[in-house]
$ cat coords_2.txt   # compact mmCIF, C-alpha atoms
# COMPACT_ATOMS: atom_id res chain seq x y z
CA MET W 233 16.02 -26.38 31.94
CA ALA W 234 18.86 -26.58 29.44
CA GLU W 235 22.19 -28.31 29.87
CA MET W 236 24.69 -26.12 31.72
CA ILE W 237 27.31 -24.54 29.49
CA GLY W 238 30.55 -25.97 30.86
CA VAL W 239 33.29 -23.65 32.11
CA ALA W 240 36.41 -24.18 34.18
CA ALA W 241 36.27 -22.87 37.75
CA PRO W 242 32.90 -21.12 37.48
CA GLY W 243 32.48 -18.03 39.61
CA LEU W 244 28.71 -18.19 39.13
CA GLU W 245 26.38 -20.98 38.01
CA VAL W 246 22.72 -20.28 37.26
CA ASP W 247 20.09 -22.83 36.22
CA VAL W 248 16.67 -21.54 37.29
CA THR W 249 13.04 -21.15 36.37
CA VAL W 250 10.81 -18.33 37.61
CA GLY W 251 7.46 -19.28 36.17
CA ALA W 252 5.54 -16.15 37.13
CA ARG W 253 8.04 -14.05 35.16
CA GLY W 254 8.59 -16.43 32.26
CA VAL W 255 12.26 -17.10 33.04
CA ASP W 256 14.01 -20.41 32.29
CA ALA W 257 17.70 -19.49 32.17
CA THR W 258 20.90 -21.53 32.32
CA PHE W 259 24.42 -20.13 32.14
CA ALA W 260 27.74 -20.04 33.95
CA VAL W 261 30.35 -17.32 34.35
CA PRO W 262 34.05 -18.21 34.71
CA ALA W 263 35.70 -16.87 37.84
CA GLY W 264 37.11 -13.41 37.17
CA ALA W 265 35.12 -12.85 33.97
CA THR W 266 32.33 -10.43 33.07
CA LEU W 267 29.24 -11.83 31.34
CA ALA W 268 26.80 -9.44 29.68
CA LEU W 269 23.15 -10.50 29.79
CA LEU W 270 21.91 -8.78 26.65
CA GLY W 271 18.26 -8.25 25.80
CA PRO W 272 15.51 -5.64 25.45
CA ASN W 273 13.19 -4.67 28.29
CA GLY W 274 10.85 -7.40 29.43
CA THR W 275 13.00 -10.43 28.58
CA GLY W 276 13.78 -11.34 32.20
CA LYS W 277 17.29 -9.91 32.62
CA SER W 278 16.57 -8.09 35.87
CA THR W 279 14.66 -11.11 37.20
CA VAL W 280 17.74 -13.27 36.70
CA ALA W 281 19.92 -10.69 38.48
CA ALA W 282 17.42 -10.45 41.34
CA ALA W 283 17.41 -14.25 41.69
CA VAL W 284 21.20 -14.32 41.94
CA ALA W 285 21.10 -11.51 44.52
CA GLY W 286 18.51 -13.35 46.60
CA LEU W 287 15.72 -10.85 45.99
CA VAL W 288 13.59 -13.29 43.96
CA ARG W 289 13.20 -16.96 44.85
CA PRO W 290 13.15 -19.21 41.76
CA ASP W 291 10.65 -22.02 41.44
CA THR W 292 13.23 -24.66 40.56
CA GLY W 293 16.91 -25.04 39.79
CA ARG W 294 20.22 -24.10 41.34
CA ILE W 295 22.40 -21.03 41.86
CA ALA W 296 26.00 -21.41 43.04
CA VAL W 297 28.42 -18.61 43.91
CA ALA W 298 32.12 -19.55 43.84
CA GLY W 299 31.12 -23.21 43.91
CA ARG W 300 28.77 -22.92 46.90
CA ALA W 301 25.02 -23.34 46.46
CA VAL W 302 22.95 -20.35 47.53
CA PHE W 303 19.77 -21.85 46.09
CA ASP W 304 18.73 -25.40 45.23
CA GLY W 305 16.09 -27.88 46.31
CA ALA W 306 17.37 -27.89 49.89
CA THR W 307 19.12 -24.53 50.18
CA TRP W 308 18.05 -20.90 50.35
CA VAL W 309 20.67 -18.39 51.45
CA PRO W 310 19.03 -14.99 52.11
CA ALA W 311 20.29 -11.93 50.29
CA HIS W 312 22.19 -10.43 53.23
CA ARG W 313 24.23 -13.61 53.65
CA ARG W 314 25.26 -13.96 50.02
CA ARG W 315 28.60 -12.57 48.89
CA VAL W 316 26.79 -10.81 46.05
CA ALA W 317 26.47 -7.06 45.45
CA LEU W 318 23.87 -5.48 43.16
CA LEU W 319 24.26 -2.07 41.53
CA GLY W 320 21.13 -0.88 39.73
CA GLN W 321 20.13 1.91 37.37
CA THR W 322 20.00 4.50 40.13
CA ALA W 323 22.20 4.84 43.19
CA ARG W 324 20.18 3.86 46.25
CA LEU W 325 22.29 5.47 48.92
CA PHE W 326 21.16 5.91 52.51
CA PRO W 327 19.91 9.53 52.58
CA HIS W 328 20.74 10.02 56.27
CA LEU W 329 24.39 8.97 55.89
CA ARG W 330 27.17 10.93 54.28
CA VAL W 331 29.11 9.39 51.42
CA ARG W 332 31.94 7.89 53.47
CA ALA W 333 29.50 6.37 55.96
CA ASN W 334 27.45 4.89 53.10
CA VAL W 335 30.48 3.05 51.77
CA ALA W 336 31.74 2.06 55.22
CA PHE W 337 28.34 0.53 56.01
CA ALA W 338 28.83 -2.03 53.24
CA SER W 339 32.22 -3.00 54.61
CA ARG W 340 30.82 -3.34 58.14
CA SER W 341 28.03 -5.53 56.76
CA ALA W 342 30.71 -7.80 55.26
CA GLY W 343 32.23 -8.27 58.73
CA ALA W 344 34.89 -5.55 58.97
CA ASN W 345 35.40 -3.65 62.21
CA ARG W 346 34.86 0.10 62.34
CA ARG W 347 38.48 1.01 61.63
CA ALA W 348 38.84 -1.44 58.73
CA ALA W 349 35.51 -0.31 57.30
CA GLY W 350 36.67 3.29 57.33
CA ALA W 351 39.87 2.33 55.54
CA ALA W 352 37.88 0.33 52.98
CA ALA W 353 35.61 3.31 52.37
CA ASP W 354 38.60 5.58 51.76
CA HIS W 355 40.20 3.02 49.44
CA TRP W 356 37.15 2.44 47.25
CA LEU W 357 36.13 6.08 47.11
CA ALA W 358 39.62 6.86 45.83
CA ALA W 359 39.41 3.95 43.38
CA VAL W 360 36.25 5.34 41.78
CA GLY W 361 37.50 8.93 41.85
CA ALA W 362 35.02 10.06 44.50
CA ASP W 363 37.23 10.60 47.54
CA HIS W 364 36.59 14.36 47.36
CA LEU W 365 32.89 13.62 47.92
CA ALA W 366 33.38 11.75 51.21
CA ASP W 367 31.67 14.34 53.42
CA ARG W 368 28.75 15.13 51.15
CA ARG W 369 25.17 13.99 51.61
CA PRO W 370 23.57 11.93 48.82
CA ASP W 371 21.25 14.80 47.88
CA GLU W 372 24.33 16.92 47.12
CA LEU W 373 25.57 14.54 44.40
CA SER W 374 24.99 14.55 40.66
CA GLY W 375 23.75 11.38 38.99
CA GLY W 376 27.22 10.37 37.87
CA GLN W 377 28.73 11.12 41.28
CA ALA W 378 26.05 9.11 43.07
CA GLN W 379 26.62 6.13 40.77
CA ARG W 380 30.36 6.26 41.48
CA VAL W 381 29.64 6.22 45.22
CA ALA W 382 27.18 3.35 44.80
CA LEU W 383 29.86 1.41 42.92
CA ALA W 384 32.35 2.06 45.72
CA ARG W 385 29.79 0.80 48.23
CA ALA W 386 29.18 -2.36 46.19
CA LEU W 387 32.91 -3.09 45.99
CA ALA W 388 33.45 -2.36 49.69
CA ALA W 389 31.19 -5.31 50.47
CA GLU W 390 33.91 -7.56 48.96
CA PRO W 391 31.43 -9.50 46.81
CA GLU W 392 32.31 -12.77 45.14
CA VAL W 393 29.88 -11.81 42.38
CA LEU W 394 29.08 -8.26 41.29
CA LEU W 395 25.73 -7.68 39.55
CA LEU W 396 25.35 -4.55 37.43
CA ASP W 397 21.73 -4.03 36.37
CA GLU W 398 21.70 -1.33 33.64
CA PRO W 399 24.11 0.79 35.72
CA LEU W 400 24.61 3.40 32.97
CA SER W 401 21.11 3.80 31.58
CA ALA W 402 20.04 6.67 33.86
CA LEU W 403 23.18 8.75 33.22
CA ASP W 404 23.71 11.47 30.65
CA VAL W 405 26.11 10.88 27.76
CA ALA W 406 29.16 12.41 29.45
CA ALA W 407 28.61 10.64 32.79
CA ARG W 408 27.92 7.36 31.00
CA ALA W 409 31.28 7.52 29.22
CA GLU W 410 33.10 8.35 32.46
CA VAL W 411 31.51 5.54 34.49
CA ARG W 412 31.97 3.04 31.64
CA THR W 413 35.70 3.82 31.57
CA LEU W 414 35.84 3.44 35.34
CA LEU W 415 34.05 0.10 35.23
CA ARG W 416 36.40 -1.22 32.57
CA ALA W 417 39.31 -0.87 34.99
CA LEU W 418 37.52 -2.07 38.12
CA LEU W 419 36.00 -5.22 36.59
CA GLN W 420 39.36 -6.78 35.77
CA ASP W 421 39.60 -10.26 37.36
CA ARG W 422 36.21 -9.83 39.05
CA THR W 423 33.26 -12.19 38.52
CA CYS W 424 30.48 -9.99 37.21
CA VAL W 425 27.12 -10.12 35.45
CA LEU W 426 26.25 -7.00 33.46
CA VAL W 427 22.56 -6.61 32.61
CA THR W 428 22.19 -4.37 29.57
CA HIS W 429 20.30 -3.66 26.36
CA ASP W 430 23.19 -1.63 24.92
CA ALA W 431 25.75 -3.33 22.66
CA ALA W 432 28.22 -0.53 23.48
CA ASP W 433 28.33 -1.72 27.10
CA VAL W 434 29.02 -5.27 25.91
CA VAL W 435 31.89 -4.14 23.67
CA ALA W 436 33.46 -2.02 26.39
CA LEU W 437 33.01 -4.23 29.44
CA ALA W 438 32.19 -7.89 28.77
CA ASP W 439 34.33 -10.97 28.19
CA GLU W 440 31.30 -13.10 27.32
CA ALA W 441 27.76 -12.29 26.26
CA ALA W 442 24.49 -14.19 26.52
CA VAL W 443 21.33 -13.20 24.66
CA LEU W 444 18.20 -13.47 26.79
CA GLU W 445 15.15 -13.94 24.58
CA ASP W 446 11.72 -14.47 26.16
CA GLY W 447 13.35 -15.44 29.46
CA ARG W 448 15.66 -18.02 27.91
CA ILE W 449 19.33 -17.95 26.88
CA SER W 450 19.38 -18.28 23.09
CA ASP W 451 23.11 -17.68 22.53
CA HIS W 452 26.16 -17.58 24.81
CA ARG W 453 29.63 -16.91 23.41
CA GLY W 454 32.60 -14.60 23.59
CA ALA W 455 31.29 -11.04 23.54
CA ALA W 456 33.06 -9.93 20.35
CA ASP W 457 32.12 -13.12 18.49
CA LEU W 458 28.45 -12.84 19.44
CA LEU W 459 28.20 -9.18 18.41
CA LEU W 460 30.08 -9.61 15.13
CA SER W 461 28.40 -12.88 14.12
CA PRO W 462 24.90 -12.96 15.67
CA ALA W 463 23.13 -16.27 15.12
CA THR W 464 19.57 -14.91 14.93
CA ALA W 465 17.72 -11.82 13.77
CA PHE W 466 16.85 -11.09 17.41
CA ALA W 467 20.52 -11.05 18.41
CA ALA W 468 21.48 -9.06 15.32
CA ARG W 469 19.07 -6.26 16.25
CA LEU W 470 20.54 -6.11 19.75
CA ALA W 471 24.01 -5.89 18.21
CA GLY W 472 22.96 -2.87 16.15
CA MET W 473 23.14 -4.71 12.83
CA ASN W 474 21.15 -4.05 9.66
CA LEU W 475 18.78 -6.82 8.61
CA LEU W 476 17.40 -7.47 5.14
CA PRO W 477 15.17 -10.42 4.15
CA ASP W 478 17.15 -13.18 2.45
CA GLY W 479 15.16 -16.31 1.65
CA GLU W 480 14.04 -17.98 4.88
CA GLY W 481 16.53 -15.99 6.93
CA VAL W 482 17.97 -12.49 6.93
CA ARG W 483 21.15 -10.91 5.64
CA VAL W 484 23.00 -9.18 8.46
CA PHE W 485 25.64 -6.47 8.15
CA PRO W 486 26.92 -3.62 10.37
CA PRO W 487 26.23 0.05 9.60
CA ASP W 488 29.85 0.70 8.63
CA ALA W 489 29.77 -2.09 6.03
CA VAL W 490 27.33 -0.51 3.58
CA ASP W 491 28.05 2.12 0.94
CA VAL W 492 25.46 4.65 -0.22
CA ALA W 493 25.32 6.11 -3.73
CA VAL W 494 22.85 8.60 -5.17
CA ASP W 495 20.48 6.81 -7.55
CA ASP W 496 21.03 8.37 -10.97
CA GLY W 497 18.25 6.44 -12.65
CA GLY W 498 19.87 3.19 -13.66
CA THR W 499 23.67 3.19 -13.92
CA VAL W 500 24.29 2.61 -10.20
CA ASP W 501 23.72 -0.89 -8.83
CA GLY W 502 22.63 -1.85 -5.32
CA ILE W 503 19.46 -2.03 -3.25
CA ALA W 504 17.01 0.77 -3.99
CA GLY W 505 16.17 2.99 -1.04
CA ARG W 506 15.14 6.46 0.00
CA VAL W 507 16.84 8.58 2.66
CA VAL W 508 14.67 9.32 5.70
CA GLU W 509 17.26 10.83 8.07
CA VAL W 510 20.82 12.19 7.96
CA THR W 511 22.82 13.09 11.07
CA VAL W 512 26.40 14.35 11.15
CA ALA W 513 28.64 14.03 14.22
CA GLY W 514 32.31 14.90 13.99
CA GLY W 515 33.78 13.27 10.93
CA HIS W 516 31.00 10.75 10.45
CA CYS W 517 27.58 10.81 8.85
CA ARG W 518 24.74 8.45 9.80
CA VAL W 519 22.27 7.86 6.99
CA THR W 520 18.97 6.05 7.59
CA ALA W 521 17.22 4.79 4.46
CA LEU W 522 13.98 2.92 3.81
CA VAL W 523 14.23 0.20 1.17
CA ASP W 524 11.46 -1.01 -1.10
CA ASP W 525 10.41 -3.97 1.07
CA GLY W 526 9.91 -1.68 4.07
CA ALA W 527 13.12 -2.55 5.90
CA THR W 528 15.30 0.20 7.37
CA VAL W 529 19.04 0.33 6.70
CA VAL W 530 21.48 2.50 8.64
CA ALA W 531 24.84 3.43 7.11
CA GLU W 532 27.74 5.07 8.94
CA LEU W 533 29.89 6.94 6.43
CA PRO W 534 32.65 9.56 6.20
CA ALA W 535 30.93 12.92 6.57
CA GLU W 536 32.87 14.66 3.82
CA ARG W 537 31.46 12.27 1.23
CA TYR W 538 27.84 12.21 2.30
CA ARG W 539 26.99 15.43 4.14
CA ASP W 540 25.01 16.65 1.09
CA LEU W 541 22.48 13.80 1.25
CA ARG W 542 18.99 14.95 2.23
CA PRO W 543 15.80 13.18 3.39
CA GLY W 544 13.85 12.11 0.32
CA ASP W 545 16.92 11.43 -1.86
CA ALA W 546 16.77 8.21 -3.88
CA VAL W 547 19.85 6.09 -3.21
CA ARG W 548 21.38 2.69 -3.84
CA LEU W 549 22.69 0.72 -0.87
CA ARG W 550 25.61 -1.64 -1.37
CA PRO W 551 26.49 -3.91 1.60
CA ASP W 552 30.04 -5.26 1.65
CA PRO W 553 29.71 -9.00 0.84
CA ALA W 554 32.80 -9.78 2.90
CA ARG W 555 31.12 -8.40 6.02
CA SER W 556 27.59 -9.70 5.41
CA ARG W 557 26.24 -13.01 6.64
CA ARG W 558 22.97 -14.88 6.88
CA ALA W 559 21.20 -15.39 10.20
CA ALA W 560 18.14 -17.37 11.17
CA THR W 561 14.95 -15.45 11.84
CA ALA W 562 14.27 -17.54 14.97
CA ARG W 563 16.57 -18.56 17.79
CA PRO W 564 18.38 -21.88 17.51
CA GLY W 565 17.58 -24.81 19.75
CA PRO W 566 14.31 -26.32 20.97
CA PRO W 567 11.23 -24.14 21.47
CA ARG W 568 10.62 -22.78 24.92
CA ARG W 569 8.42 -25.00 27.09
$ encode --input "coords_2.txt" --output "structure tokens"
Amino acid sequence: MAEMIGVAAPGLEVDVTVGARGVDATFAVPAGATLALLGPNGTGKSTVAAAVAGLVRPDTGRIAVAGRAVFDGATWVPAHRRRVALLGQTARLFPHLRVRANVAFASRSAGANRRAAGAAADHWLAAVGADHLADRRPDELSGGQAQRVALARALAAEPEVLLLDEPLSALDVAARAEVRTLLRALLQDRTCVLVTHDAADVVALADEAAVLEDGRISDHRGAADLLLSPATAFAARLAGMNLLPDGEGVRVFPPDAVDVAVDDGGTVDGIAGRVVEVTVAGGHCRVTALVDDGATVVAELPAERYRDLRPGDAVRLRPDPARSRRAATARPGPPRR
């Protein structure tokens, strides 16, 4: 296991191995901060979240919540006794309980009496904009409504750590935007781990970000710094960057840092490419081009300048040197054991 990244007053400390799932992860989250665990499917993100929640027992290591060990060589605190709440991709509400009772149940489980639990349910349903749903059954809710109720239930448990495991991935575009905005307000000053593969979630919600690659943390920094200056090709892809071969590494640049010009046969400089897709949304145009070495480059451009581009057009791509940087093709640090 790696050396723990030092933070002041950690709200969560994780240093665990789960051999059967290929996880060997070490990180810490400052109290009151949101850390995004960023990685594609299969890298161990959900396993780490499940270990923190007490749903998976690691082979070795330590997990501490608000400075108290919930797992180490001598300690195993079961899930129901941890001050940790987990919100997953889909809202798993009790089907036999109405919305208010679902939320109140979490408060009762945290030790509140019936009256206090009812008040907590009303408070958190109002906080997530779902108080008008209090008397509905779960099967009467839309996906976005159910996820709001599930969030209220998680918060009603008064967790010291909130785990969000891809909470937006099952929602449609409109509901995703609504719940993301809601989360942005509710996560303030709350210790949280956000499991995601979407850089947009990191930008909107996270204070820090950690890249999980093959079960191991390969980079852990401030969220904006990590997304704007990824250290490896793996991280750059997750951040939505373009990658072009550049010696032993790759040149990395964002889609809005590349210009596209129609190739007129020799007077226009830049990287030769051919348009494979053009999409227009609002005032922006997204052009996908295939370059000669087989790499794909995506450019986000003003629609009025580029709406006449068509698949098959020969173009020249010109990345902005001021916004391009080199990245390693492999993660930094020692190889995984």
$ closest_residue --input "coords_2.txt" --among "W:Thr275, W:Gln379, W:Asp496, W:Pro242" --to "Phe466 in chain W" --atoms "only C-alpha atoms"
W:Thr275
$ residues_near_point --input "coords_2.txt" --point "(29.4, -18.7, 20.1)" --cutoff "12 Å" --atoms "only C-alpha atoms" --output "MDAnalysis selection string"
chainID W and resid 237 440:443 450:464 467 564
$ closest_residue --input "coords_2.txt" --among "W:Arg542, W:Arg324, W:Arg408, W:His312" --to "Val381 in chain W" --atoms "all atoms listed in the file"
W:Arg324
$ residues_near_point --input "coords_2.txt" --point "(31.9, 1.2, 57.4)" --cutoff "10 Å" --atoms "only C-alpha atoms" --output "list of chain:residue names"
W:Arg332, W:Ala333, W:Asn334, W:Val335, W:Ala336, W:Phe337, W:Ala338, W:Ser339, W:Arg340, W:Ser341, W:Ala342, W:Gly343, W:Ala344, W:Asn345, W:Arg346, W:Arg347, W:Ala348, W:Ala349, W:Gly350, W:Ala351, W:Ala352, W:Ala353, W:Asp354, W:Arg385, W:Ala388, W:Ala389
$ residues_around --input "coords_2.txt" --residues "Gly305 in chain W" --least-positions-apart "2" --cutoff "8 Å" --atoms "only C-alpha atoms" --output "number ranges by chain"
W: 292-294, 303, 307
$ residues_around --input "coords_2.txt" --residues "range 279-284 of chain W" --least-positions-apart "6" --cutoff "10 Å" --atoms "only C-alpha atoms" --output "VMD selection string"
chain W and resid 244 to 250 253 to 258 269 290 294 to 297 302 to 303 311 314 316 to 318 320 393 to 397 425 to 427 444 447
$ atom_distance --input "coords_2.txt" --atom1 "CA of Pro399 in chain W" --atom2 "CA of Arg289 in chain W"
22.7 Å
$ atom_distance --input "coords_2.txt" --atom1 "CA of Asp367 in chain W" --atom2 "CA of Leu329 in chain W"
9.4 Å
$ atom_distance --input "coords_2.txt" --atom1 "CA of Leu414 in chain W" --atom2 "CA of Ala386 in chain W"
14.0 Å
$ closest_residue --input "coords_2.txt" --among "W:Arg416, W:Arg555, W:Arg483, W:Arg539" --to "Val510 in chain W" --atoms "all atoms listed in the file"
W:Arg539
$ closest_residue --input "coords_2.txt" --among "W:Val405, W:Val494, W:Leu325, W:Val288" --to "Ala252 in chain W" --atoms "all atoms listed in the file"
W:Val288
$ closest_residue --input "coords_2.txt" --among "W:Ala513, W:His429, W:Lys277, W:Leu319" --to "Leu383 in chain W" --atoms "only C-alpha atoms"
W:Leu319
$ residues_around --input "coords_2.txt" --residues "Asp491 in chain W" --least-positions-apart "2" --cutoff "7 Å" --atoms "all atoms listed in the file" --output "MDAnalysis selection string"
chainID W and resid 489 493 549:551
$ closest_residue --input "coords_2.txt" --among "W:Leu475, W:Val434, W:Ala407, W:Ala546" --to "Gly271 in chain W" --atoms "all atoms listed in the file"
W:Val434
$ residues_around --input "coords_2.txt" --residues "Ala432 in chain W" --least-positions-apart "2" --cutoff "12 Å" --atoms "all atoms listed in the file" --output "JSON list (two decimals) with C-alpha atoms, keeping the file's coordinate frame"
[["chain", "number", "residue", "atom", "x", "y", "z"],
["W", 268, "ALA", "CA", 26.80, -9.44, 29.68],
["W", 270, "LEU", "CA", 21.91, -8.78, 26.65],
["W", 400, "LEU", "CA", 24.61, 3.40, 32.97],
["W", 401, "SER", "CA", 21.11, 3.80, 31.58],
["W", 408, "ARG", "CA", 27.92, 7.36, 31.00],
["W", 409, "ALA", "CA", 31.28, 7.52, 29.22],
["W", 412, "ARG", "CA", 31.97, 3.04, 31.64],
["W", 413, "THR", "CA", 35.70, 3.82, 31.57],
["W", 428, "THR", "CA", 22.19, -4.37, 29.57],
["W", 429, "HIS", "CA", 20.30, -3.66, 26.36],
["W", 430, "ASP", "CA", 23.19, -1.63, 24.92],
["W", 434, "VAL", "CA", 29.02, -5.27, 25.91],
["W", 435, "VAL", "CA", 31.89, -4.14, 23.67],
["W", 436, "ALA", "CA", 33.46, -2.02, 26.39],
["W", 437, "LEU", "CA", 33.01, -4.23, 29.44],
["W", 438, "ALA", "CA", 32.19, -7.89, 28.77],
["W", 455, "ALA", "CA", 31.29, -11.04, 23.54],
["W", 456, "ALA", "CA", 33.06, -9.93, 20.35],
["W", 459, "LEU", "CA", 28.20, -9.18, 18.41],
["W", 470, "LEU", "CA", 20.54, -6.11, 19.75],
["W", 471, "ALA", "CA", 24.01, -5.89, 18.21],
["W", 472, "GLY", "CA", 22.96, -2.87, 16.15]]
